[in-house]
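For reference, query-v3.pdb (PDB, C-alpha atoms):
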ATOM      1  CA  MET A   1     -24.689  -5.203  19.409
ATOM      2  CA  GLU A   2     -25.373  -1.917  21.167
ATOM      3  CA  GLN A   3     -21.757  -0.760  21.251
ATOM      4  CA  PHE A   4     -18.494  -1.787  19.638
ATOM      5  CA  LYS A   5     -14.862  -0.663  19.675
ATOM      6  CA  ALA A   6     -13.190   1.752  17.285
ATOM      7  CA  LEU A   7      -9.959   3.752  17.239
ATOM      8  CA  MET A   8     -11.095   7.352  17.380
ATOM      9  CA  ILE A   9      -8.860  10.339  16.745
ATOM     10  CA  ASP A  10     -10.056  13.731  17.927
ATOM     11  CA  LYS A  11      -8.686  17.242  17.760
ATOM     12  CA  ASN A  12      -9.625  20.613  19.146
ATOM     13  CA  GLU A  13      -7.798  23.836  19.906
ATOM     14  CA  ASN A  14      -6.170  22.452  23.038
ATOM     15  CA  ASP A  15      -5.893  18.704  22.599
ATOM     16  CA  PHE A  16      -5.279  15.815  20.196
ATOM     17  CA  SER A  17      -6.148  12.234  21.143
ATOM     18  CA  VAL A  18      -5.807   8.759  19.633
ATOM     19  CA  GLN A  19      -7.675   6.136  21.641
ATOM     20  CA  VAL A  20     -10.005   3.168  21.434
ATOM     21  CA  LYS A  21     -13.586   4.106  22.305
ATOM     22  CA  ASN A  22     -17.005   2.487  22.342
ATOM     23  CA  ILE A  23     -19.371   3.772  19.664
ATOM     24  CA  THR A  24     -22.707   2.742  18.135
ATOM     25  CA  LEU A  25     -23.867   1.992  14.586
ATOM     26  CA  ASN A  26     -25.684   5.322  14.541
ATOM     27  CA  GLU A  27     -22.280   7.059  14.667
ATOM     28  CA  LEU A  28     -21.075   5.386  11.452
ATOM     29  CA  PRO A  29     -21.434   7.313   8.170
ATOM     30  CA  GLN A  30     -23.955   6.409   5.503
ATOM     31  CA  GLY A  31     -23.160   3.540   3.140
ATOM     32  CA  ASP A  32     -24.782   0.645   1.322
ATOM     33  CA  VAL A  33     -22.962  -2.157   3.132
ATOM     34  CA  LEU A  34     -22.413  -2.843   6.834
ATOM     35  CA  ILE A  35     -19.274  -4.897   7.439
ATOM     36  CA  LYS A  36     -17.903  -6.764  10.429
ATOM     37  CA  VAL A  37     -14.219  -5.858  10.130
ATOM     38  CA  VAL A  38     -11.837  -8.751  10.802
ATOM     39  CA  TYR A  39      -8.477  -7.354   9.647
ATOM     40  CA  SER A  40      -6.905  -4.033   8.736
ATOM     41  CA  ALA A  41      -3.308  -2.823   8.312
ATOM     42  CA  ILE A  42      -1.017   0.144   8.916
ATOM     43  CA  ASN A  43      -0.211   2.334   5.919
ATOM     44  CA  TYR A  44       1.713   5.606   5.681
ATOM     45  CA  LYS A  45      -1.531   7.593   5.389
ATOM     46  CA  ASP A  46      -2.756   5.975   8.616
ATOM     47  CA  GLY A  47       0.387   7.145  10.372
ATOM     48  CA  LEU A  48      -0.211  10.683   9.101
ATOM     49  CA  ALA A  49      -3.840  10.514  10.224
ATOM     50  CA  SER A  50      -2.668   9.746  13.760
ATOM     51  CA  ILE A  51      -0.717  12.993  14.227
ATOM     52  CA  PRO A  52      -2.101  16.543  14.639
ATOM     53  CA  ASN A  53      -0.404  18.015  11.540
ATOM     54  CA  GLY A  54      -0.642  15.003   9.223
ATOM     55  CA  LYS A  55      -2.885  16.843   6.717
ATOM     56  CA  ILE A  56      -4.881  13.690   5.968
ATOM     57  CA  VAL A  57      -7.939  14.122   8.185
ATOM     58  CA  THR A  58      -9.875  17.393   8.066
ATOM     59  CA  THR A  59     -12.972  16.589  10.142
ATOM     60  CA  TYR A  60     -12.919  15.299  13.712
ATOM     61  CA  PRO A  61     -13.686  13.019  15.483
ATOM     62  CA  PHE A  62     -12.611  10.400  12.970
ATOM     63  CA  ILE A  63     -11.830   6.682  12.541
ATOM     64  CA  PRO A  64      -8.711   6.101  10.376
ATOM     65  CA  GLY A  65      -7.638   2.947   8.531
ATOM     66  CA  ILE A  66      -7.538   3.012   4.705
ATOM     67  CA  ASP A  67      -7.658  -0.803   4.414
ATOM     68  CA  LEU A  68     -10.207  -3.280   5.731
ATOM     69  CA  ALA A  69     -11.298  -6.865   5.185
ATOM     70  CA  GLY A  70     -14.293  -8.525   6.744
ATOM     71  CA  VAL A  71     -17.737 -10.087   6.446
ATOM     72  CA  VAL A  72     -20.936  -8.452   5.213
ATOM     73  CA  VAL A  73     -23.523  -8.066   7.991
ATOM     74  CA  SER A  74     -26.205  -6.418   5.853
ATOM     75  CA  SER A  75     -26.372  -4.854   2.407
ATOM     76  CA  GLN A  76     -28.636  -2.591   0.395
ATOM     77  CA  ASP A  77     -26.415  -3.266  -2.622
ATOM     78  CA  PRO A  78     -27.577  -6.347  -4.577
ATOM     79  CA  ARG A  79     -23.962  -7.241  -5.432
ATOM     80  CA  PHE A  80     -23.273  -8.169  -1.792
ATOM     81  CA  ARG A  81     -25.065 -10.483   0.611
ATOM     82  CA  GLU A  82     -24.884 -11.260   4.295
ATOM     83  CA  GLY A  83     -21.900 -13.538   4.935
ATOM     84  CA  ASP A  84     -19.859 -12.438   1.899
ATOM     85  CA  GLU A  85     -16.149 -12.001   2.601
ATOM     86  CA  ILE A  86     -14.988  -8.690   1.159
ATOM     87  CA  ILE A  87     -12.071  -6.272   0.815
ATOM     88  CA  ALA A  88     -12.206  -2.478   0.729
ATOM     89  CA  THR A  89      -9.177  -0.239   0.249
ATOM     90  CA  SER A  90      -8.508   3.428  -0.531
ATOM     91  CA  TYR A  91     -11.108   5.692  -2.210
ATOM     92  CA  GLU A  92     -12.172   7.930   0.716
ATOM     93  CA  ILE A  93     -11.850   5.195   3.363
ATOM     94  CA  GLY A  94      -9.832   6.398   6.349
ATOM     95  CA  VAL A  95      -9.430   9.862   4.809
ATOM     96  CA  SER A  96     -12.846  11.540   4.684
ATOM     97  CA  HIS A  97     -15.005   8.449   5.382
ATOM     98  CA  TYR A  98     -14.681   6.426   8.611
ATOM     99  CA  GLY A  99     -12.158   3.652   8.034
ATOM    100  CA  GLY A 100     -11.109   0.162   9.027
ATOM    101  CA  TYR A 101      -9.881   0.670  12.603
ATOM    102  CA  SER A 102     -13.296  -0.293  13.901
ATOM    103  CA  GLU A 103     -15.128  -3.514  14.667
ATOM    104  CA  TYR A 104     -17.822  -2.422  12.195
ATOM    105  CA  ALA A 105     -17.713  -0.216   9.099
ATOM    106  CA  ARG A 106     -20.388   1.072   6.749
ATOM    107  CA  ILE A 107     -19.228   1.980   3.243
ATOM    108  CA  PRO A 108     -20.565   2.354  -0.310
ATOM    109  CA  GLY A 109     -20.800  -0.837  -2.351
ATOM    110  CA  ASP A 110     -18.837   0.814  -5.175
ATOM    111  CA  TRP A 111     -15.713   0.690  -2.988
ATOM    112  CA  ILE A 112     -15.925  -3.052  -2.249
ATOM    113  CA  VAL A 113     -14.302  -6.096  -3.880
ATOM    114  CA  GLN A 114     -15.328  -9.696  -3.252
ATOM    115  CA  LEU A 115     -12.506 -11.670  -1.628
ATOM    116  CA  PRO A 116     -10.891 -13.874  -4.330
ATOM    117  CA  LYS A 117     -11.068 -17.628  -3.753
ATOM    118  CA  ASN A 118      -7.350 -18.128  -3.232
ATOM    119  CA  LEU A 119      -6.962 -15.433  -0.562
ATOM    120  CA  THR A 120      -7.877 -15.359   3.118
ATOM    121  CA  LEU A 121      -9.011 -12.178   4.842
ATOM    122  CA  LYS A 122      -5.669 -12.044   6.656
ATOM    123  CA  GLU A 123      -3.695 -12.458   3.433
ATOM    124  CA  SER A 124      -5.727  -9.711   1.782
ATOM    125  CA  MET A 125      -4.584  -7.262   4.458
ATOM    126  CA  ILE A 126      -0.944  -8.303   4.197
ATOM    127  CA  LEU A 127      -1.452  -7.071   0.638
ATOM    128  CA  GLY A 128      -3.935  -4.203   1.054
ATOM    129  CA  THR A 129      -3.251  -0.830  -0.545
ATOM    130  CA  ALA A 130       0.479  -1.586  -0.652
ATOM    131  CA  GLY A 131      -0.234  -4.744  -2.634
ATOM    132  CA  ILE A 132      -2.544  -2.972  -5.061
ATOM    133  CA  THR A 133       0.167  -0.346  -5.618
ATOM    134  CA  ALA A 134       2.886  -2.948  -6.187
ATOM    135  CA  ALA A 135       0.691  -5.073  -8.465
ATOM    136  CA  LEU A 136      -0.431  -2.074 -10.523
ATOM    137  CA  SER A 137       3.204  -0.991 -10.864
ATOM    138  CA  ILE A 138       4.182  -4.406 -12.230
ATOM    139  CA  GLN A 139       1.191  -4.583 -14.552
ATOM    140  CA  ARG A 140       1.944  -1.147 -16.009
ATOM    141  CA  LEU A 141       5.616  -2.080 -16.477
ATOM    142  CA  GLU A 142       4.640  -5.277 -18.283
ATOM    143  CA  ASP A 143       2.055  -3.434 -20.369
ATOM    144  CA  ASN A 144       4.969  -1.267 -21.504
ATOM    145  CA  GLY A 145       7.053  -4.217 -22.617
ATOM    146  CA  LEU A 146       8.902  -5.463 -19.526
ATOM    147  CA  THR A 147       9.752  -9.171 -19.466
ATOM    148  CA  PRO A 148      12.275 -11.096 -17.322
ATOM    149  CA  GLU A 149      14.561 -11.383 -20.350
ATOM    150  CA  LYS A 150      14.939  -7.582 -20.585
ATOM    151  CA  GLY A 151      17.203  -7.370 -17.523
ATOM    152  CA  LYS A 152      17.348  -6.440 -13.863
ATOM    153  CA  VAL A 153      14.478  -4.598 -12.177
ATOM    154  CA  LEU A 154      15.219  -2.103  -9.405
ATOM    155  CA  VAL A 155      12.906  -1.694  -6.381
ATOM    156  CA  THR A 156      13.567   1.302  -4.123
ATOM    157  CA  GLY A 157      12.342   1.572  -0.540
ATOM    158  CA  ALA A 158      12.495  -2.207  -0.659
ATOM    159  CA  THR A 159      11.770  -2.883   3.021
ATOM    160  CA  GLY A 160       8.553  -0.841   3.014
ATOM    161  CA  GLY A 161       5.080  -2.166   2.261
ATOM    162  CA  VAL A 162       5.014  -1.395  -1.471
ATOM    163  CA  GLY A 163       8.700  -2.194  -1.875
ATOM    164  CA  SER A 164       8.703  -5.560  -0.119
ATOM    165  CA  LEU A 165       5.583  -6.740  -1.928
ATOM    166  CA  ALA A 166       6.998  -5.586  -5.272
ATOM    167  CA  VAL A 167      10.228  -7.508  -4.597
ATOM    168  CA  SER A 168       8.277 -10.664  -3.780
ATOM    169  CA  MET A 169       5.825 -10.340  -6.695
ATOM    170  CA  LEU A 170       8.550  -9.629  -9.244
ATOM    171  CA  SER A 171      10.603 -12.560  -7.973
ATOM    172  CA  LYS A 172       7.631 -14.875  -8.396
ATOM    173  CA  ARG A 173       7.229 -13.636 -11.970
ATOM    174  CA  GLY A 174      10.826 -14.661 -12.703
ATOM    175  CA  TYR A 175      12.525 -11.258 -12.614
ATOM    176  CA  GLU A 176      16.028 -10.615 -11.288
ATOM    177  CA  VAL A 177      15.242  -8.102  -8.563
ATOM    178  CA  VAL A 178      17.691  -5.499  -7.279
ATOM    179  CA  ALA A 179      16.500  -4.178  -3.920
ATOM    180  CA  SER A 180      17.628  -0.782  -2.668
ATOM    181  CA  THR A 181      17.554  -0.060   1.060
ATOM    182  CA  GLY A 182      19.226   2.103   3.683
ATOM    183  CA  LYS A 183      18.809  -0.611   6.301
ATOM    184  CA  ASN A 184      21.835  -2.913   6.466
ATOM    185  CA  SER A 185      20.076  -5.038   9.088
ATOM    186  CA  GLU A 186      17.380  -6.099   6.612
ATOM    187  CA  HIS A 187      19.495  -7.803   3.950
ATOM    188  CA  THR A 188      18.507 -11.283   5.154
ATOM    189  CA  PHE A 189      14.821 -10.314   4.992
ATOM    190  CA  LEU A 190      15.183  -8.984   1.437
ATOM    191  CA  HIS A 191      16.983 -12.084   0.204
ATOM    192  CA  LYS A 192      14.317 -14.245   1.835
ATOM    193  CA  ILE A 193      11.484 -12.509  -0.028
ATOM    194  CA  GLY A 194      13.174 -12.738  -3.407
ATOM    195  CA  ALA A 195      15.871 -10.078  -3.921
ATOM    196  CA  LYS A 196      18.820 -11.364  -5.964
ATOM    197  CA  GLU A 197      20.955  -8.291  -5.299
ATOM    198  CA  ILE A 198      20.876  -5.637  -2.573
ATOM    199  CA  ILE A 199      22.303  -2.149  -3.011
ATOM    200  CA  SER A 200      22.401   0.953  -0.838
ATOM    201  CA  ARG A 201      20.428   4.139  -1.366
ATOM    202  CA  GLU A 202      23.720   5.793  -2.348
ATOM    203  CA  ASP A 203      24.158   3.274  -5.167
ATOM    204  CA  VAL A 204      20.927   4.656  -6.632
ATOM    205  CA  PHE A 205      21.527   8.333  -5.872
ATOM    206  CA  ASN A 206      24.967   9.476  -4.695
ATOM    207  CA  GLY A 207      24.163  13.160  -4.514
ATOM    208  CA  LYS A 208      24.801  13.887  -8.191
ATOM    209  CA  ILE A 209      22.309  13.562 -11.041
ATOM    210  CA  LYS A 210      23.543  13.263 -14.607
ATOM    211  CA  PRO A 211      21.194  13.991 -17.515
ATOM    212  CA  LEU A 212      22.113  10.514 -18.797
ATOM    213  CA  ASP A 213      24.130   7.916 -16.917
ATOM    214  CA  LYS A 214      25.221   4.331 -17.515
ATOM    215  CA  GLN A 215      22.251   2.094 -18.368
ATOM    216  CA  ILE A 216      21.889  -0.357 -15.462
ATOM    217  CA  TRP A 217      18.266  -1.471 -14.992
ATOM    218  CA  ALA A 218      15.548  -2.543 -17.422
ATOM    219  CA  ALA A 219      12.860  -1.007 -15.215
ATOM    220  CA  ALA A 220      12.148   0.202 -11.691
ATOM    221  CA  VAL A 221       9.391   0.255  -9.095
ATOM    222  CA  ASP A 222       9.883   3.480  -7.138
ATOM    223  CA  PRO A 223       7.829   4.471  -4.069
ATOM    224  CA  VAL A 224      10.454   7.119  -3.175
ATOM    225  CA  GLY A 225      10.352   9.850  -5.836
ATOM    226  CA  GLY A 226      12.360  13.064  -5.521
ATOM    227  CA  GLU A 227      16.053  13.110  -6.457
ATOM    228  CA  THR A 228      16.135   9.317  -6.274
ATOM    229  CA  LEU A 229      13.635   9.114  -9.133
ATOM    230  CA  ALA A 230      15.627  11.610 -11.201
ATOM    231  CA  SER A 231      18.760   9.504 -10.754
ATOM    232  CA  ILE A 232      16.900   6.286 -11.647
ATOM    233  CA  LEU A 233      15.578   7.785 -14.885
ATOM    234  CA  SER A 234      19.132   8.486 -16.054
ATOM    235  CA  LYS A 235      20.124   4.826 -15.509
ATOM    236  CA  ILE A 236      17.246   2.926 -17.159
ATOM    237  CA  HIS A 237      17.824   0.860 -20.313
ATOM    238  CA  TYR A 238      16.723   2.236 -23.662
ATOM    239  CA  ASN A 239      12.887   2.114 -23.921
ATOM    240  CA  GLY A 240      12.617   0.995 -20.294
ATOM    241  CA  SER A 241      10.086   2.200 -17.722
ATOM    242  CA  VAL A 242       9.829   3.470 -14.153
ATOM    243  CA  ALA A 243       6.615   3.088 -12.141
ATOM    244  CA  VAL A 244       6.461   5.785  -9.453
ATOM    245  CA  SER A 245       3.983   5.633  -6.590
ATOM    246  CA  GLY A 246       5.367   7.679  -3.700
ATOM    247  CA  LEU A 247       7.201  10.756  -2.527
ATOM    248  CA  THR A 248       9.009   9.826   0.672
ATOM    249  CA  GLY A 249      12.098  11.263  -1.036
ATOM    250  CA  GLY A 250      10.322  14.486  -1.973
ATOM    251  CA  GLY A 251       7.819  15.802  -4.471
ATOM    252  CA  SER A 252      10.215  17.586  -6.822
ATOM    253  CA  VAL A 253      12.009  15.563  -9.515
ATOM    254  CA  PRO A 254      15.061  17.468 -10.886
ATOM    255  CA  THR A 255      15.379  15.650 -14.202
ATOM    256  CA  THR A 256      15.793  16.711 -17.821
ATOM    257  CA  VAL A 257      14.003  15.648 -20.992
ATOM    258  CA  PHE A 258      17.031  13.619 -22.149
ATOM    259  CA  PRO A 259      16.005  10.204 -20.706
ATOM    260  CA  PHE A 260      12.666  10.585 -22.469
ATOM    261  CA  ILE A 261      13.723  11.895 -25.870
ATOM    262  CA  LEU A 262      17.095  10.144 -26.254
ATOM    263  CA  ARG A 263      16.328   6.800 -24.640
ATOM    264  CA  GLY A 264      12.543   6.616 -24.922
ATOM    265  CA  ILE A 265      12.083   6.121 -21.178
ATOM    266  CA  ASN A 266       8.504   5.775 -19.878
ATOM    267  CA  LEU A 267       7.589   7.402 -16.537
ATOM    268  CA  LEU A 268       4.453   5.644 -15.289
ATOM    269  CA  GLY A 269       2.351   7.271 -12.575
ATOM    270  CA  ILE A 270       0.715   4.753 -10.208
ATOM    271  CA  ASP A 271      -2.464   5.759  -8.375
ATOM    272  CA  SER A 272      -4.088   3.086  -6.231
ATOM    273  CA  VAL A 273      -6.598   5.434  -4.564
ATOM    274  CA  TYR A 274      -8.988   5.987  -7.474
ATOM    275  CA  CYS A 275      -7.836   3.046  -9.585
ATOM    276  CA  PRO A 276     -10.921   2.046 -11.646
ATOM    277  CA  MET A 277     -12.897  -0.825 -10.141
ATOM    278  CA  HIS A 278     -12.523  -3.139 -13.141
ATOM    279  CA  VAL A 279      -8.728  -2.736 -12.956
ATOM    280  CA  ARG A 280      -8.805  -3.147  -9.172
ATOM    281  CA  GLN A 281     -10.765  -6.398  -9.432
ATOM    282  CA  ASP A 282      -8.319  -7.758 -12.009
ATOM    283  CA  LEU A 283      -5.398  -6.856  -9.743
ATOM    284  CA  TRP A 284      -6.956  -8.656  -6.763
ATOM    285  CA  ASN A 285      -7.458 -11.725  -8.941
ATOM    286  CA  ARG A 286      -3.803 -11.553  -9.982
ATOM    287  CA  MET A 287      -2.715 -11.143  -6.351
ATOM    288  CA  ALA A 288      -4.578 -14.364  -5.609
ATOM    289  CA  THR A 289      -2.792 -16.191  -8.455
ATOM    290  CA  ASP A 290       0.322 -15.237 -10.461
ATOM    291  CA  LEU A 291       1.179 -12.204  -8.301
ATOM    292  CA  LYS A 292       0.516 -13.850  -4.932
ATOM    293  CA  PRO A 293       3.875 -13.800  -3.136
ATOM    294  CA  SER A 294       5.071 -17.234  -2.085
ATOM    295  CA  THR A 295       6.715 -15.466   0.867
ATOM    296  CA  LEU A 296       3.591 -13.577   1.949
ATOM    297  CA  SER A 297       3.828 -14.611   5.607
ATOM    298  CA  GLU A 298       7.454 -13.380   5.730
ATOM    299  CA  ILE A 299       6.297  -9.864   4.869
ATOM    300  CA  ILE A 300       4.380  -9.507   8.148
ATOM    301  CA  GLN A 301       6.520  -7.546  10.615
ATOM    302  CA  LYS A 302       3.915  -8.195  13.293
ATOM    303  CA  GLU A 303       0.220  -8.641  13.957
ATOM    304  CA  ILE A 304      -1.327  -6.313  16.523
ATOM    305  CA  THR A 305      -4.713  -5.628  18.100
ATOM    306  CA  LEU A 306      -6.946  -2.577  17.888
ATOM    307  CA  GLU A 307      -5.794  -1.562  21.383
ATOM    308  CA  GLU A 308      -2.138  -1.692  20.275
ATOM    309  CA  LEU A 309      -2.626   0.707  17.358
ATOM    310  CA  PRO A 310      -1.822   3.990  19.167
ATOM    311  CA  GLU A 311       1.685   2.816  20.119
ATOM    312  CA  ASN A 312       2.358   1.251  16.700
ATOM    313  CA  LEU A 313       1.073   3.903  14.286
ATOM    314  CA  PRO A 314       4.140   6.175  14.744
ATOM    315  CA  THR A 315       6.408   3.305  13.641
ATOM    316  CA  ILE A 316       5.711   3.829   9.958
ATOM    317  CA  LEU A 317       6.397   7.577  10.147
ATOM    318  CA  LYS A 318       9.756   6.964  11.839
ATOM    319  CA  GLY A 319      10.908   4.604   9.088
ATOM    320  CA  GLN A 320      10.926   1.689  11.522
ATOM    321  CA  ALA A 321       8.365  -0.448   9.699
ATOM    322  CA  ARG A 322       9.461  -3.472   7.687
ATOM    323  CA  GLY A 323       7.013  -5.093   5.302
ATOM    324  CA  ARG A 324       3.503  -4.967   6.703
ATOM    325  CA  ILE A 325       1.987  -4.480  10.148
ATOM    326  CA  ILE A 326      -1.496  -5.998  10.155
ATOM    327  CA  VAL A 327      -4.263  -5.383  12.670
ATOM    328  CA  LYS A 328      -6.533  -8.165  13.964
ATOM    329  CA  ILE A 329      -9.719  -6.252  14.712
ATOM    330  CA  GLN A 330     -11.822  -9.169  16.015
TER     331      GLN A 330
END
Please re-express this file's structure in structure tokens.
Amino acid sequence: MEQFKALMIDKNENDFSVQVKNITLNELPQGDVLIKVVYSAINYKDGLASIPNGKIVTTYPFIPGIDLAGVVVSSQDPRFREGDEIIATSYEIGVSHYGGYSEYARIPGDWIVQLPKNLTLKESMILGTAGITAALSIQRLEDNGLTPEKGKVLVTGATGGVGSLAVSMLSKRGYEVVASTGKNSEHTFLHKIGAKEIISREDVFNGKIKPLDKQIWAAAVDPVGGETLASILSKIHYNGSVAVSGLTGGGSVPTTVFPFILRGINLLGIDSVYCPMHVRQDLWNRMATDLKPSTLSEIIQKEITLEELPENLPTILKGQARGRIIVKIQ
């Protein structure tokens, strides 16, 4: 092919644009593996990349998209061959290295995972970075002693990508999942994907944070952070854990040492961006087996095209996204 389509964002002193353009292979960055991209997805970072003051992209023009799944066209890395189906998420993809909103991508082999046997390319992008984050959260919680017998597990931001996948994965593992959401219209969706109980945001944080509160949950998956996280920590069972992966509720956590020194609470930081490759590969294998949601198709809010990205990217920043929006590239 001489030219192919890509979503290009550009910025100068007087203008900011987000539009599909025709580019050539020569315009792609260096990398070991050339990939025909079949699917991508919309993540919060992609939404930030699509606005002038998102503080994600620093060099323009740029192709966003932190997730991609496709087929190897050519490879200088002996681990990958023409025709291999692969997944690539996070690292510098869609942040400082051209991303997945393009019919072709060229990236380093060290950022690539072979598609597991029990996943399709489409399913891998329903999961994507959000799935890695949810799966890593659950694995870290279980590594720290969580079992279904220990009690209820709270998931905040439950209608979002990480939240909805965590609800579904935990449910499949046999946990009693309590889903927290501010969206009353999404209760049916949350029950359908595995939530046993649904509570409001105010039930998690009502505006007051006690150093120690009544012990309610055995553990929590929290993509929210901020005051919500501080309130959760005060309500976790003795020796329980909270896996935190986001800051939509703010970056400051006004807590005390009491949950940690009087109840032995574990605060587990979850980073899916630079998660080591051997851990990442294990997580993808788990997401193809014991952590593969039985309700995976229900988590798709919609499937869009490359041309529909500009009108859909703001959705995730406005809090209007539910589950996952996936992008059929070609």
Take the PyMOL selection byres ((chain A and resi 251-268) around 12), apply it to the structure above, and return the hits as a count of residues only.
57
On this structure, which residues satisfy the PyMOL selection byres ((chain A and resi 301-311) around 8), written as a list in words?
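Selected by the PyMOL selection byres ((chain A and resi 301-311) around 8) here: Ala6, Leu7, Val18, Gln19, Val20, Ser50, Tyr101, Ser102, Glu298, Ile299, Ile300, Asn312, Leu313, Pro314, Ala321, Arg322, Gly323, Arg324, Ile325, Ile326, Val327, Lys328 and Ile329 of chain A.
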Given the file shown, determine the residues that the PyMOL selection byres ((chain A and resi 168) around 6) selects; report them as a ChimeraX atom specification.
/A:165-167,169-171,193-194,293
What's the separation between CA of Ile132 (chain A) and CA of Glu202 (chain A), in Å to one decimal place?
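Value for the CA of Ile132 (chain A)-CA of Glu202 (chain A) distance: 27.8 Å.
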Might you pull out every residue within 12 Å of region 92-94 of chain A, with all atoms listed in the file counted and same-chain residues fewer than 6 positions away left off, and present them as a ChimeraX atom specification?
/A:7-9,29,31,40-50,56-68,100-102,105-108,110-112,129,272-274
Pairwise distance for CA of Ile198 (chain A) and CA of Thr159 (chain A), rounded to one decimal in Å
11.0 Å
From the set A:Leu34, A:Val204, A:Ala134, A:Ala179, which residue has the shortest atom-to-atom contact distance to Glu85 (chain A), counting all atoms listed in the file?
A:Leu34
Write out as a ChimeraX atom specification the residues lying within 9 Å of Gln76 (chain A), counting only C-alpha atoms and excluding same-chain residues fewer than 3 positions away.
/A:31-34,79-81,109
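Distances here use all atoms listed in the file; by that measure, the residue among A:Phe4, A:Phe16, A:Tyr175, A:Phe189 closest to Leu28 (chain A) is A:Phe4.
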Can you work out which one of A:Lys5, A:Arg280, A:Lys192, A:Lys318 has the shortest atom-to-atom distance to Gln114 (chain A), counting only C-alpha atoms?
A:Arg280
Using all atoms listed in the file, the shortest atom-to-atom distance to Gly163 (chain A) among A:Thr133, A:Glu149, A:Met125, A:Lys183 belongs to A:Thr133
Take every atom of region 82-93 of chain A listed in the file, fit an axis-aligned box around them, add 5 Å per side, and give the centre and edge lengths in Å to one decimal as lines of an AutoDock Vina configuration file.
center_x = -16.7
center_y = -2.8
center_z = 1.4
size_x = 26.4
size_y = 31.5
size_z = 17.1
Counting all atoms listed in the file, the residue of A:Asn118, A:Lys55, A:Glu123, A:Val38 that sits nearest Ser96 (chain A):
A:Lys55
Spatial neighbours of Leu25 (chain A), 8 Å, only C-alpha atoms, chain gap at least 3 places, as a list of chain:residue names
A:Glu2, A:Gln3, A:Leu28, A:Tyr104
If we count all atoms listed in the file, what is near Ala69 (chain A) at a cut-off of 9 Å, once residues fewer than 6 positions away on the same chain are taken out, given as a VMD selection string?
chain A and resid 35 to 40 85 to 89 100 115 121 to 122 124 to 125 128
Please save C-alpha atoms of the selected residues as a PDB file, keeping the file's coordinate frame.
ATOM      1  CA  ILE A  35     -19.274  -4.897   7.439  1.00  0.00           C
ATOM      2  CA  LYS A  36     -17.903  -6.764  10.429  1.00  0.00           C
ATOM      3  CA  VAL A  37     -14.219  -5.858  10.130  1.00  0.00           C
ATOM      4  CA  VAL A  38     -11.837  -8.751  10.802  1.00  0.00           C
ATOM      5  CA  TYR A  39      -8.477  -7.354   9.647  1.00  0.00           C
ATOM      6  CA  SER A  40      -6.905  -4.033   8.736  1.00  0.00           C
ATOM      7  CA  GLU A  85     -16.149 -12.001   2.601  1.00  0.00           C
ATOM      8  CA  ILE A  86     -14.988  -8.690   1.159  1.00  0.00           C
ATOM      9  CA  ILE A  87     -12.071  -6.272   0.815  1.00  0.00           C
ATOM     10  CA  ALA A  88     -12.206  -2.478   0.729  1.00  0.00           C
ATOM     11  CA  THR A  89      -9.177  -0.239   0.249  1.00  0.00           C
ATOM     12  CA  GLY A 100     -11.109   0.162   9.027  1.00  0.00           C
ATOM     13  CA  LEU A 115     -12.506 -11.670  -1.628  1.00  0.00           C
ATOM     14  CA  LEU A 121      -9.011 -12.178   4.842  1.00  0.00           C
ATOM     15  CA  LYS A 122      -5.669 -12.044   6.656  1.00  0.00           C
ATOM     16  CA  SER A 124      -5.727  -9.711   1.782  1.00  0.00           C
ATOM     17  CA  MET A 125      -4.584  -7.262   4.458  1.00  0.00           C
ATOM     18  CA  GLY A 128      -3.935  -4.203   1.054  1.00  0.00           C
TER      19      GLY A 128
END
Taking into account only C-alpha atoms, which residue in the set A:Ile51, A:Val71, A:Leu296, A:Ile126 is nearest to Ile316 (chain A)?
A:Ile51
Please write region 229-237 of chain A of the preceding block to a file containing N, CA and C atoms, as a PDB file, in the first residue's frame?
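Below is the file out.pdb, written as the result:
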ATOM      1  N   LEU A 229     -10.947   6.809  48.073  1.00  0.00           N
ATOM      2  CA  LEU A 229      -9.975   5.804  48.530  1.00  0.00           C
ATOM      3  C   LEU A 229      -9.757   5.898  50.035  1.00  0.00           C
ATOM      4  N   ALA A 230      -9.641   7.121  50.545  1.00  0.00           N
ATOM      5  CA  ALA A 230      -9.440   7.301  51.986  1.00  0.00           C
ATOM      6  C   ALA A 230     -10.601   6.707  52.779  1.00  0.00           C
ATOM      7  N   SER A 231     -11.822   6.916  52.288  1.00  0.00           N
ATOM      8  CA  SER A 231     -12.995   6.370  52.957  1.00  0.00           C
ATOM      9  C   SER A 231     -13.025   4.849  52.892  1.00  0.00           C
ATOM     10  N   ILE A 232     -12.652   4.292  51.730  1.00  0.00           N
ATOM     11  CA  ILE A 232     -12.602   2.830  51.568  1.00  0.00           C
ATOM     12  C   ILE A 232     -11.633   2.212  52.569  1.00  0.00           C
ATOM     13  N   LEU A 233     -10.461   2.796  52.706  1.00  0.00           N
ATOM     14  CA  LEU A 233      -9.436   2.239  53.592  1.00  0.00           C
ATOM     15  C   LEU A 233      -9.942   2.102  55.028  1.00  0.00           C
ATOM     16  N   SER A 234     -10.803   3.015  55.443  1.00  0.00           N
ATOM     17  CA  SER A 234     -11.317   2.974  56.819  1.00  0.00           C
ATOM     18  C   SER A 234     -12.382   1.907  57.013  1.00  0.00           C
ATOM     19  N   LYS A 235     -12.852   1.294  55.896  1.00  0.00           N
ATOM     20  CA  LYS A 235     -13.970   0.344  55.971  1.00  0.00           C
ATOM     21  C   LYS A 235     -13.605  -1.068  55.514  1.00  0.00           C
ATOM     22  N   ILE A 236     -12.309  -1.332  55.345  1.00  0.00           N
ATOM     23  CA  ILE A 236     -11.858  -2.659  54.902  1.00  0.00           C
ATOM     24  C   ILE A 236     -11.642  -3.577  56.106  1.00  0.00           C
ATOM     25  N   HIS A 237     -11.986  -4.845  55.940  1.00  0.00           N
ATOM     26  CA  HIS A 237     -11.787  -5.843  56.999  1.00  0.00           C
ATOM     27  C   HIS A 237     -10.329  -5.883  57.447  1.00  0.00           C
TER      28      HIS A 237
END
